[in-house]
Structures are given as C-alpha cells and as structure tokens.
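In what follows, a single structure is set out as structure tokens and then discussed.
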Amino acid sequence: NPTTALHQKYHDQTIEFTMQHFERVQRGGFGSDGSLSEDRQLQIAHAARERLFRWPELEPQDRQRVSFGSRPQRFCPPDTADRAGDPGEHVFVISLQRRPSRLRQGLAQLQREGMTATIVSAVDGDAIERQADLAELGVGILPGYGAGHENHKISFTTGEVGCFLSHYSVWHHMVEQNLPAALILEDDFDLQEGIRERLGQYLQEAATEPWNLMYVGRSPVEEDLRRVSGHIVEPGYTLWTVAYILRLDAAKALLRARVEKSMVPLDEFFSIAMGRVDSIYNPRAREFSHHVPAVLRGLAMEPPLVMPYVGSMFESDTAMLRKGTRFVKDLPL
C-alpha cells in the first residue's frame, strides 16, 4: 500500500529527528520560534488579538499573494478543469504569524514547484483570553465534548479553536468570492515529487465522482471503503487537514449548517461529516454526529501528494501539548 509506505517513511524519519533533537524535544524547545525577538513576539501577539475579531472575514491585511509560476495556474487541461475540481489559482496556505520558520519552509516548497498561492493569516488560539471571546464571535464547542474520546483524550484546546476558525475563514472567503474549488494547505506541508502533474492526473481520475472534499494529504486510521481508480479511494475515518481540496457546494453547506457552533477537532469533524460514524478509532463518533451535519462527500488521493514535513509536529498547536497550551474549559469567563 503506497499510503502505508509513505507514512512508514515519515514515521521513521520522525523517530530519527526526535533522537537528533532529543533534549530540545524533551524540554519543549519547539514551543516558540527562535527567529523572533521578544519585541516582535509582543507585536505579533497584539496583531493576533485584532485578527481574532476580524473573523470570519479575510481582509486584505489577512492574505498575501505569492506567485512562483506562470499564470493562469492550472493543474488540469482547461477543458476538463471545472469538471475535475481543479483549484487553479485558488491555493491557500494557512500560516500563524508567530511561526515564520514554518512559512519560510512552505514558500521554498511553492517556489520549487512553481506554484502560486495566497498566504492566509491564521486565527491564533493564543489570542483567545477568555470564554467571552468565543461567545462574542458566536462560536462554541460541541455539547458534551468533554475530554474527547479514548484515542484523543484531551479537552478542547485554544489551538484547536484557532485551527477550526482559520479553515472556516477560507471556506467563508470561497463563498463570498464564489470560488468553485480551493486547495487548502497548512503551512507545515511537504509537497511530494511531481505534485503539479500528479494532482491534475488524480483529479481527472475522479472527474465522474460527485465528491466535494478531496484529501490531498491525510493520515488514515481505518480501512478505506472502496477504490475508485488507480490513485483515488473513498476513505474511512481519516485524520489530518494538512492538504485538501474543497468545492464550493461543501463550503456553502458548512456555513449554512453553522458548524462553528459545535466544533470538534477539524480532522475528526471532516470524518464525521463524511458519515464515518461507526468508528473504532472514535467510539463517540455517532454521538458527535448529532451535532455535525453529514454534508461532505469525501475522496482521497493515494498515495498522498502532501505530507507534513519531518519535525513539524513538535511545532504544532494541535498535535502536541506545549507550554502555553490552554483548555477552553479552563479559560476565565
């Protein structure tokens, strides 16, 4: 299985990275970006607070265009692009301002592959100071979420709120701008070799399928439901939101359902919204599904064309508990 092989390679390299940086990993030394001065960190924290209350809008100061390839950008031939779900110019990279090292890595990858993208200023969970902030934004955690489930047994964190709201901002922008499809990347992406050509090829393989969510990068935790073609499968319960293509009808459905009022970790939200409710990995999936609308028709590329870069998990606000990690339930009112 090429997906399993790619994940095994990533796993082995992560172990090697951990051993090489053992002391830094042990003391939580990846908790902040070493390239930022204290003054700059304070400036970014102030800006993050302002960004929080611009949500869900993507104002001009929240997005920056970077062009490394020819325009117009296409991954599929023009006559098949719309039918295949080609995102074209609509590639979005979600990036925290306080993690410039991650963005530099991402920009180098985009330049190497000759890809144009829009850098989106993420909603920073660290900017959430009190529970009243969430009430003011009109967002909330899924009722009864508690400490999650047995394979993700932690209460909802402010980092998970920031992740969900950052992606939501892109969906909102898609609807406002009537974008037919968008490739959404998190800034810890590692583009696999030949991604431009392979992305177009794989999309064309799925052109007759009625999908509205296409995983370009993922971490499957349960068996796929069926094989659609040589490089496309219908996934079972799946984790990660490092890279996916969303179509406009899915973005509209997510906004219409007011999903921001019943948040769970975004990758689990996607699996439940695809109807993966009889899950061994998440025994509470069916319970959660009472608050998560089944509006996503998901497919996945195999092997993934995007993985996280090795070591990025130690810089994550969602994959790791770090100094400064806060649980929403513990925030002052």
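Starting from 1 in every chain, residues are counted up; chains themselves are A, B, ... following the order of the structure tokens, and ligands are numbered from 1 as listed.
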Handout entry: Shell around stretch 58-68 of chain A at 8 Å using only C-alpha atoms, local window under 2 positions removed, as a ChimeraX atom specification
Key = /A:51,54-56,70,110-111,114-121,169-170,173
Please build the interface table for stretch 304-325 of chain A against stretch 23-47 of chain A with a cut-off of 10 Å, listing for each qualifying residue the nearest atom pair and the distance in Å to one decimal; count only C-alpha atoms, order rows by chain and increasing number, and write it as a Markdown table.
| residue | atom | partner | partner_atom | distance |
| --- | --- | --- | --- | --- |
| A:Gly311 | CA | A:Phe30 | CA | 9.6 |
| A:Ser312 | CA | A:Phe30 | CA | 9.3 |
| A:Met313 | CA | A:Phe30 | CA | 9.5 |
| A:Phe314 | CA | A:Phe30 | CA | 5.9 |
| A:Glu315 | CA | A:Phe30 | CA | 5.5 |
| A:Ser316 | CA | A:Gly31 | CA | 8.4 |
| A:Asp317 | CA | A:Gly31 | CA | 8.8 |
| A:Met320 | CA | A:Gly31 | CA | 9.6 |
| A:Leu321 | CA | A:Gly28 | CA | 9.2 |
| A:Arg322 | CA | A:Gly31 | CA | 6.0 |
| A:Lys323 | CA | A:Gly31 | CA | 6.3 |
| A:Gly324 | CA | A:Gly31 | CA | 8.2 |
| A:Thr325 | CA | A:Gly31 | CA | 9.6 |
Exercise for the section: Using atom CA of A:Tyr202 and atom CA of A:Val295 as the two end points, give the distance in Å to one decimal. Expected result: 22.8 Å
Handout entry: Spatial neighbours of stretch 257-264 of chain A, 7 Å, only C-alpha atoms, chain gap at least 6 places, as a PyMOL selection string
Key = chain A and resi 138-143+291+293
Exercise for the section: Could you find all residues in stretch 55-173 of chain A that DSSP calls strand (DSSP E) from the backbone, and write them as a ChimeraX atom specification? Expected result: /A:63-66,91-95,117-121
